[in-house]
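Visitor: Got a structure for you, query13.pdb, holding PDB, C-alpha atoms, pLDDT in the B column.
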```pdb
ATOM      1  CA  MET A   1      83.714  18.560 -26.006  1.00 45.00           C
ATOM      2  CA  THR A   2      84.805  20.816 -28.858  1.00 48.00           C
ATOM      3  CA  GLN A   3      82.271  22.826 -30.776  1.00 47.00           C
ATOM      4  CA  ASP A   4      81.717  21.952 -34.430  1.00 47.00           C
ATOM      5  CA  ARG A   5      82.458  25.250 -36.201  1.00 47.00           C
ATOM      6  CA  ARG A   6      80.971  24.222 -39.548  1.00 46.00           C
ATOM      7  CA  ARG A   7      77.924  26.272 -40.421  1.00 47.00           C
ATOM      8  CA  HIS A   8      74.989  24.172 -41.545  1.00 49.00           C
ATOM      9  CA  LEU A   9      73.680  25.770 -44.723  1.00 49.00           C
ATOM     10  CA  SER A  10      70.060  25.540 -43.616  1.00 49.00           C
ATOM     11  CA  VAL A  11      70.758  28.554 -41.413  1.00 47.00           C
ATOM     12  CA  VAL A  12      71.323  30.870 -44.411  1.00 48.00           C
ATOM     13  CA  ARG A  13      68.846  33.680 -43.774  1.00 50.00           C
ATOM     14  CA  ASP A  14      66.764  35.752 -46.197  1.00 53.00           C
ATOM     15  CA  GLY A  15      68.960  38.324 -47.866  1.00 54.00           C
ATOM     16  CA  ASP A  16      72.156  36.348 -47.264  1.00 55.00           C
ATOM     17  CA  SER A  17      74.023  35.361 -50.371  1.00 52.00           C
ATOM     18  CA  PRO A  18      75.116  31.743 -50.785  1.00 51.00           C
ATOM     19  CA  PRO A  19      78.740  30.768 -50.177  1.00 47.00           C
ATOM     20  CA  THR A  20      81.268  31.344 -52.951  1.00 48.00           C
ATOM     21  CA  PRO A  21      80.811  28.906 -55.890  1.00 53.00           C
ATOM     22  CA  GLY A  22      83.010  25.832 -55.932  1.00 85.00           C
ATOM     23  CA  ARG A  23      83.368  25.703 -52.175  1.00 92.00           C
ATOM     24  CA  ALA A  24      84.286  22.550 -50.339  1.00 94.00           C
ATOM     25  CA  CYS A  25      81.346  20.897 -48.652  1.00 95.00           C
ATOM     26  CA  LEU A  26      80.014  17.679 -47.212  1.00 95.00           C
ATOM     27  CA  VAL A  27      77.144  15.993 -49.063  1.00 95.00           C
ATOM     28  CA  LEU A  28      74.512  13.890 -47.306  1.00 96.00           C
ATOM     29  CA  SER A  29      73.814  10.674 -49.238  1.00 95.00           C
ATOM     30  CA  ASP A  30      72.495   7.382 -47.835  1.00 93.00           C
ATOM     31  CA  ASP A  31      72.674   8.792 -44.273  1.00 94.00           C
ATOM     32  CA  GLU A  32      76.439   9.453 -44.574  1.00 95.00           C
ATOM     33  CA  TRP A  33      78.442  12.634 -45.215  1.00 95.00           C
ATOM     34  CA  TRP A  34      80.801  12.579 -48.221  1.00 94.00           C
ATOM     35  CA  PRO A  35      83.432  15.233 -49.109  1.00 94.00           C
ATOM     36  CA  GLY A  36      82.764  17.236 -52.249  1.00 94.00           C
ATOM     37  CA  THR A  37      82.374  20.680 -53.783  1.00 94.00           C
ATOM     38  CA  VAL A  38      79.281  22.757 -54.523  1.00 95.00           C
ATOM     39  CA  THR A  39      78.500  25.378 -57.157  1.00 94.00           C
ATOM     40  CA  TRP A  40      75.421  27.309 -56.089  1.00 93.00           C
ATOM     41  CA  GLU A  41      72.585  28.433 -58.340  1.00 94.00           C
ATOM     42  CA  ASP A  42      72.294  32.231 -58.699  1.00 93.00           C
ATOM     43  CA  SER A  43      69.187  32.583 -56.539  1.00 95.00           C
ATOM     44  CA  ARG A  44      66.857  30.685 -54.265  1.00 96.00           C
ATOM     45  CA  ARG A  45      64.196  28.504 -55.853  1.00 96.00           C
ATOM     46  CA  ASP A  46      60.446  28.955 -55.328  1.00 97.00           C
ATOM     47  CA  ASP A  47      60.673  26.679 -52.277  1.00 96.00           C
ATOM     48  CA  GLY A  48      62.905  29.307 -50.604  1.00 96.00           C
ATOM     49  CA  LEU A  49      65.968  27.055 -50.516  1.00 96.00           C
ATOM     50  CA  TRP A  50      69.402  27.421 -52.063  1.00 95.00           C
ATOM     51  CA  TRP A  51      70.223  24.595 -54.491  1.00 96.00           C
ATOM     52  CA  GLY A  52      73.563  23.711 -55.974  1.00 95.00           C
ATOM     53  CA  GLU A  53      75.328  21.243 -58.203  1.00 95.00           C
ATOM     54  CA  VAL A  54      77.628  19.069 -56.127  1.00 95.00           C
ATOM     55  CA  THR A  55      80.436  16.811 -57.183  1.00 94.00           C
ATOM     56  CA  TYR A  56      81.554  14.276 -54.612  1.00 94.00           C
ATOM     57  CA  ARG A  57      83.302  10.967 -54.252  1.00 91.00           C
ATOM     58  CA  LYS A  58      81.164   8.181 -52.796  1.00 91.00           C
ATOM     59  CA  GLY A  59      83.023   4.947 -52.426  1.00 86.00           C
ATOM     60  CA  GLY A  60      85.081   4.701 -55.613  1.00 88.00           C
ATOM     61  CA  ASP A  61      82.647   6.688 -57.785  1.00 92.00           C
ATOM     62  CA  VAL A  62      82.607  10.411 -58.581  1.00 93.00           C
ATOM     63  CA  LEU A  63      79.007  11.661 -58.658  1.00 94.00           C
ATOM     64  CA  THR A  64      77.509  14.972 -59.802  1.00 95.00           C
ATOM     65  CA  GLU A  65      74.023  15.758 -58.515  1.00 95.00           C
ATOM     66  CA  VAL A  66      71.817  18.689 -57.524  1.00 96.00           C
ATOM     67  CA  HIS A  67      71.068  19.037 -53.809  1.00 96.00           C
ATOM     68  CA  SER A  68      69.345  21.589 -51.593  1.00 96.00           C
ATOM     69  CA  GLN A  69      71.050  23.367 -48.714  1.00 96.00           C
ATOM     70  CA  HIS A  70      69.554  20.767 -46.342  1.00 95.00           C
ATOM     71  CA  ASP A  71      71.808  18.034 -47.758  1.00 96.00           C
ATOM     72  CA  LEU A  72      75.010  20.113 -47.690  1.00 95.00           C
ATOM     73  CA  ARG A  73      77.383  21.393 -45.028  1.00 93.00           C
ATOM     74  CA  ALA A  74      80.085  23.978 -45.587  1.00 88.00           C
ATOM     75  CA  ARG A  75      83.631  22.906 -44.825  1.00 84.00           C
TER      76      ARG A  75
END
```
Show this structure as structure tokens.

Guide:
Amino acid sequence: MTQDRRRHLSVVRDGDSPPTPGRACLVLSDDEWWPGTVTWEDSRRDDGLWWGEVTYRKGGDVLTEVHSQHDLRAR
């Protein structure tokens, strides 16, 4: 079994900066992962999470939404 080398963004620790803006990512929507890109907000929100605007293709549609680090995976 090969190890999945993608870093789940929920492991970003205090003091760590978010990944570079516009990075490729996977977006969790309707219990499936969709390829997209994320542009991170400048700082964590009051809930302690990183949030970012994601653009992704789901089916034939291109969607732009805001998601927390829990719904995103770096690629």

Visitor: Can you pull out the residues contacting segment 39-45 of chain A? Cut-off 7 Å, using all atoms listed in the file, and skip same-chain residues under 4 positions away; I want them as a count of residues only.

Guide: 10

Visitor: Could you list the residues chosen by the PyMOL selection byres ((chain A and resi 27) around 7) in this structure as a list in words?

Guide: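 Matching residues under the PyMOL selection byres ((chain A and resi 27) around 7) are Cys25, Leu26, Leu28, Ser29, Trp33, Trp34, Pro35, Gly36, Asp71, Leu72 and Arg73 of chain A.
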
Visitor: Specify as a PyMOL selection string each residue included when the PyMOL selection byres ((chain A and resi 65) around 8) is applied to this file.

Guide: chain A and resi 53-55+63-64+66-67

Visitor: Could you jot down the atom CA of Asp30 of chain A to atom CA of Asp46 of chain A separation for me, Å, one decimal place?

Guide: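 Computed distance, atom CA of Asp30 of chain A to atom CA of Asp46 of chain A, equals 25.8 Å.
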
Visitor: For segment 34-53 of chain A, what centre and edge lengths in Å (one decimal) does the axis-aligned box get once 4 Å is added on each side of all its listed atoms, as JSON?

Guide:
```
{"center_x": 71.9, "center_y": 22.6, "center_z": -53.5, "size_x": 31.0, "size_y": 28.0, "size_z": 18.5}
```

Visitor: Can you sort out segment 45-56 of chain A so it carries N, CA, C and O atoms, written as a PDB file, in the frame of the given file?

Guide:
```
ATOM      1  N   ARG A  45      65.323  29.013 -55.053  1.00 96.00           N
ATOM      2  CA  ARG A  45      64.196  28.504 -55.853  1.00 96.00           C
ATOM      3  C   ARG A  45      62.888  28.921 -55.195  1.00 96.00           C
ATOM      4  O   ARG A  45      62.867  29.504 -54.113  1.00 96.00           O
ATOM      5  N   ASP A  46      61.770  28.596 -55.848  1.00 97.00           N
ATOM      6  CA  ASP A  46      60.446  28.955 -55.328  1.00 97.00           C
ATOM      7  C   ASP A  46      60.184  28.373 -53.946  1.00 97.00           C
ATOM      8  O   ASP A  46      59.362  28.902 -53.197  1.00 97.00           O
ATOM      9  N   ASP A  47      60.861  27.283 -53.602  1.00 96.00           N
ATOM     10  CA  ASP A  47      60.673  26.679 -52.277  1.00 96.00           C
ATOM     11  C   ASP A  47      61.428  27.437 -51.188  1.00 96.00           C
ATOM     12  O   ASP A  47      61.366  27.078 -50.014  1.00 96.00           O
ATOM     13  N   GLY A  48      62.178  28.492 -51.576  1.00 96.00           N
ATOM     14  CA  GLY A  48      62.905  29.307 -50.604  1.00 96.00           C
ATOM     15  C   GLY A  48      64.275  28.771 -50.237  1.00 96.00           C
ATOM     16  O   GLY A  48      64.957  29.353 -49.402  1.00 96.00           O
ATOM     17  N   LEU A  49      64.686  27.675 -50.845  1.00 96.00           N
ATOM     18  CA  LEU A  49      65.968  27.055 -50.516  1.00 96.00           C
ATOM     19  C   LEU A  49      67.015  27.361 -51.575  1.00 96.00           C
ATOM     20  O   LEU A  49      66.697  27.570 -52.738  1.00 96.00           O
ATOM     21  N   TRP A  50      68.279  27.371 -51.126  1.00 95.00           N
ATOM     22  CA  TRP A  50      69.402  27.421 -52.063  1.00 95.00           C
ATOM     23  C   TRP A  50      69.634  26.002 -52.577  1.00 95.00           C
ATOM     24  O   TRP A  50      69.575  25.036 -51.812  1.00 95.00           O
ATOM     25  N   TRP A  51      69.907  25.873 -53.867  1.00 96.00           N
ATOM     26  CA  TRP A  51      70.223  24.595 -54.491  1.00 96.00           C
ATOM     27  C   TRP A  51      71.552  24.740 -55.207  1.00 96.00           C
ATOM     28  O   TRP A  51      71.908  25.833 -55.667  1.00 96.00           O
ATOM     29  N   GLY A  52      72.282  23.647 -55.290  1.00 95.00           N
ATOM     30  CA  GLY A  52      73.563  23.711 -55.974  1.00 95.00           C
ATOM     31  C   GLY A  52      73.933  22.376 -56.583  1.00 95.00           C
ATOM     32  O   GLY A  52      73.442  21.321 -56.175  1.00 95.00           O
ATOM     33  N   GLU A  53      74.799  22.453 -57.576  1.00 95.00           N
ATOM     34  CA  GLU A  53      75.328  21.243 -58.203  1.00 95.00           C
ATOM     35  C   GLU A  53      76.551  20.807 -57.406  1.00 95.00           C
ATOM     36  O   GLU A  53      77.477  21.592 -57.206  1.00 95.00           O
ATOM     37  N   VAL A  54      76.527  19.584 -56.933  1.00 95.00           N
ATOM     38  CA  VAL A  54      77.628  19.069 -56.127  1.00 95.00           C
ATOM     39  C   VAL A  54      78.336  17.942 -56.867  1.00 95.00           C
ATOM     40  O   VAL A  54      77.713  17.171 -57.593  1.00 95.00           O
ATOM     41  N   THR A  55      79.622  17.905 -56.691  1.00 94.00           N
ATOM     42  CA  THR A  55      80.436  16.811 -57.183  1.00 94.00           C
ATOM     43  C   THR A  55      81.123  16.218 -55.967  1.00 94.00           C
ATOM     44  O   THR A  55      81.729  16.950 -55.177  1.00 94.00           O
ATOM     45  N   TYR A  56      80.975  14.916 -55.790  1.00 94.00           N
ATOM     46  CA  TYR A  56      81.554  14.276 -54.612  1.00 94.00           C
ATOM     47  C   TYR A  56      81.946  12.840 -54.928  1.00 94.00           C
ATOM     48  O   TYR A  56      81.478  12.251 -55.886  1.00 94.00           O
TER      49      TYR A  56
END
```
